[in-house]
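Undergrad: Input upload26.pdb, format and content: PDB, C-alpha atoms.
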ATOM      1  CA  MET A   1     222.499 278.644 206.979
ATOM      2  CA  SER A   2     222.673 277.650 210.620
ATOM      3  CA  LYS A   3     221.861 280.064 213.403
ATOM      4  CA  PRO A   4     224.950 281.415 215.181
ATOM      5  CA  ASN A   5     224.858 281.043 218.942
ATOM      6  CA  LYS A   6     227.668 283.451 219.865
ATOM      7  CA  ILE A   7     228.667 287.003 218.994
ATOM      8  CA  THR A   8     231.767 288.879 220.117
ATOM      9  CA  GLN A   9     231.465 291.910 222.349
ATOM     10  CA  GLU A  10     233.110 293.932 219.570
ATOM     11  CA  LYS A  11     230.347 292.962 217.121
ATOM     12  CA  MET A  12     227.690 293.616 219.767
ATOM     13  CA  ASP A  13     229.146 297.091 220.337
ATOM     14  CA  GLU A  14     229.118 297.695 216.584
ATOM     15  CA  LEU A  15     225.463 296.635 216.398
ATOM     16  CA  ASN A  16     224.538 298.971 219.264
ATOM     17  CA  TYR A  17     226.386 301.841 217.568
ATOM     18  CA  CYS A  18     224.663 301.193 214.235
ATOM     19  CA  LEU A  19     221.250 300.895 215.876
ATOM     20  CA  VAL A  20     221.670 304.421 217.218
ATOM     21  CA  SER A  21     223.874 306.170 214.656
ATOM     22  CA  ARG A  22     223.929 304.147 211.422
ATOM     23  CA  LYS A  23     220.456 302.688 211.032
ATOM     24  CA  ASP A  24     221.167 302.187 207.319
ATOM     25  CA  LYS A  25     223.897 299.632 208.138
ATOM     26  CA  PHE A  26     222.175 297.969 211.093
ATOM     27  CA  PRO A  27     219.904 295.453 209.288
ATOM     28  CA  ALA A  28     222.693 293.970 207.149
ATOM     29  CA  LEU A  29     225.107 293.669 210.072
ATOM     30  CA  LEU A  30     222.491 292.144 212.367
ATOM     31  CA  GLU A  31     221.698 289.485 209.769
ATOM     32  CA  GLU A  32     225.376 288.843 209.026
ATOM     33  CA  TYR A  33     226.341 288.481 212.689
ATOM     34  CA  THR A  34     223.267 286.663 214.050
ATOM     35  CA  GLY A  35     220.994 285.444 211.260
ATOM     36  CA  ILE A  36     218.269 287.790 212.582
ATOM     37  CA  THR A  37     216.514 289.898 209.949
ATOM     38  CA  ALA A  38     215.577 293.491 210.865
ATOM     39  CA  LYS A  39     212.849 295.033 208.742
ATOM     40  CA  PRO A  40     212.282 298.781 209.059
ATOM     41  CA  TYR A  41     208.818 299.962 210.040
ATOM     42  CA  THR A  42     208.120 302.652 212.620
ATOM     43  CA  ALA A  43     210.638 300.541 214.544
ATOM     44  CA  PHE A  44     212.736 297.604 213.366
ATOM     45  CA  GLN A  45     210.844 294.330 213.310
ATOM     46  CA  TYR A  46     213.066 291.349 214.107
ATOM     47  CA  PHE A  47     212.665 287.925 212.503
ATOM     48  CA  ASP A  48     214.687 284.778 213.139
ATOM     49  CA  TYR A  49     216.454 282.768 210.439
ATOM     50  CA  HIS A  50     213.146 280.939 209.758
ATOM     51  CA  GLU A  51     211.417 284.318 209.229
ATOM     52  CA  ASN A  52     209.393 283.939 212.442
ATOM     53  CA  TYR A  53     208.638 287.264 214.120
ATOM     54  CA  ILE A  54     210.603 287.788 217.356
ATOM     55  CA  CYS A  55     209.833 291.348 218.510
ATOM     56  CA  ASP A  56     210.455 294.922 217.442
ATOM     57  CA  SER A  57     213.022 297.440 218.578
ATOM     58  CA  GLY A  58     210.374 299.335 220.530
ATOM     59  CA  ASP A  59     209.621 296.228 222.610
ATOM     60  CA  CYS A  60     213.079 294.889 223.401
ATOM     61  CA  SER A  61     216.668 296.039 223.634
ATOM     62  CA  LEU A  62     219.411 294.524 221.517
ATOM     63  CA  GLU A  63     220.652 292.683 224.615
ATOM     64  CA  GLU A  64     217.170 291.226 225.211
ATOM     65  CA  LEU A  65     217.017 290.192 221.552
ATOM     66  CA  MET A  66     220.301 288.277 221.862
ATOM     67  CA  GLU A  67     219.048 286.614 225.042
ATOM     68  CA  GLU A  68     215.712 285.689 223.439
ATOM     69  CA  GLU A  69     217.525 284.113 220.487
ATOM     70  CA  GLU A  70     220.052 282.413 222.778
ATOM     71  CA  ILE A  71     223.010 284.221 221.208
ATOM     72  CA  GLU A  72     225.834 284.535 223.707
ATOM     73  CA  VAL A  73     227.926 287.696 223.696
ATOM     74  CA  VAL A  74     231.543 286.632 224.222
ATOM     75  CA  ALA A  75     234.801 288.476 224.786
ATOM     76  CA  ASP A  76     236.582 289.673 221.676
ATOM     77  CA  ALA A  77     238.977 287.145 220.200
TER      78      ALA A  77
END
Mind converting the file's structure to structure tokens?
TA:
Amino acid sequence: MSKPNKITQEKMDELNYCLVSRKDKFPALLEEYTGITAKPYTAFQYFDYHENYICDSGDCSLEELMEEEEIEVVADA
């Protein structure tokens, strides 16, 4: 599986919504859309597609996570 380098604004909005309101759906969607794994702890721990630790949700926003992983948020198609 190759790492995606773009995500639509619609998917980014869905991720932000799930992070706040549907934490049960967030990890699967994040992995599906970006290849980033979110593992629940006291906060979500984020790992890239090689399983290298990136950060946790207490340390960075979703926008910062996308920037760190060089995933561009693009206009909806």
Undergrad: Considering all atoms listed in the file, return as a PyMOL selection string whatever protein or nucleic-acid residues lie within 10 Å of region 45-49 of chain A, sequence-local ones (same chain, fewer than 4 positions apart) excluded.
TA: chain A and resi 1-4+27+30-31+34-41+53-60+65+69
Undergrad: Between CA of Asn5 (chain A) and CA of Leu62 (chain A), what is the distance, to one decimal in Å?
TA: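 Distance between the two atoms: 14.8 Å.
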Undergrad: Taking (229.6, 289.6, 219.7) in the file's coordinates as the center, which residues reach within 12 Å of it, counting only C-alpha atoms, put as a ChimeraX atom specification?
TA: /A:4-16,29-30,32-34,62-63,66,71-77
Undergrad: Between CA of Glu51 (chain A) and CA of Phe26 (chain A), what distance in Å does the model show, to one decimal?
TA: 17.5 Å
Undergrad: Kindly give the distance, in Å, that separates CA of Leu19 (chain A) and CA of Glu70 (chain A), rounded to a single decimal.
TA: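 The value is 19.8 Å.
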Undergrad: Start from the incomplete input, build N, CA and C atoms for region 52-68 of chain A, and deliver everything as a CSV table (one decimal), keeping the file's coordinate frame.
TA:
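After the write, selection.csv holds the following:
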chain,number,residue,atom,x,y,z
A,52,ASN,N,210.4,283.8,211.4
A,52,ASN,CA,209.4,283.9,212.4
A,52,ASN,C,209.6,285.3,213.2
A,53,TYR,N,208.5,286.0,213.4
A,53,TYR,CA,208.6,287.3,214.1
A,53,TYR,C,209.1,287.0,215.5
A,54,ILE,N,210.1,287.9,216.0
A,54,ILE,CA,210.6,287.8,217.4
A,54,ILE,C,210.0,288.9,218.2
A,55,CYS,N,210.3,290.2,217.8
A,55,CYS,CA,209.8,291.3,218.5
A,55,CYS,C,210.2,292.6,217.7
A,56,ASP,N,209.9,293.8,218.1
A,56,ASP,CA,210.5,294.9,217.4
A,56,ASP,C,211.3,295.8,218.4
A,57,SER,N,212.0,296.7,217.8
A,57,SER,CA,213.0,297.4,218.6
A,57,SER,C,212.4,298.3,219.6
A,58,GLY,N,211.1,298.6,219.5
A,58,GLY,CA,210.4,299.3,220.5
A,58,GLY,C,210.0,298.5,221.7
A,59,ASP,N,210.0,297.2,221.5
A,59,ASP,CA,209.6,296.2,222.6
A,59,ASP,C,210.8,295.6,223.4
A,60,CYS,N,212.0,295.5,222.7
A,60,CYS,CA,213.1,294.9,223.4
A,60,CYS,C,214.4,295.5,223.0
A,61,SER,N,215.3,295.5,223.9
A,61,SER,CA,216.7,296.0,223.6
A,61,SER,C,217.4,295.0,222.8
A,62,LEU,N,218.6,295.4,222.3
A,62,LEU,CA,219.4,294.5,221.5
A,62,LEU,C,219.9,293.4,222.4
A,63,GLU,N,220.2,293.7,223.7
A,63,GLU,CA,220.7,292.7,224.6
A,63,GLU,C,219.5,291.7,224.9
A,64,GLU,N,218.3,292.1,225.0
A,64,GLU,CA,217.2,291.2,225.2
A,64,GLU,C,216.9,290.4,224.0
A,65,LEU,N,217.2,290.9,222.8
A,65,LEU,CA,217.0,290.2,221.6
A,65,LEU,C,218.0,289.0,221.5
A,66,MET,N,219.3,289.3,221.9
A,66,MET,CA,220.3,288.3,221.9
A,66,MET,C,219.9,287.2,222.9
A,67,GLU,N,219.4,287.6,224.0
A,67,GLU,CA,219.0,286.6,225.0
A,67,GLU,C,217.9,285.8,224.5
A,68,GLU,N,216.9,286.4,224.0
A,68,GLU,CA,215.7,285.7,223.4
A,68,GLU,C,216.1,284.7,222.4
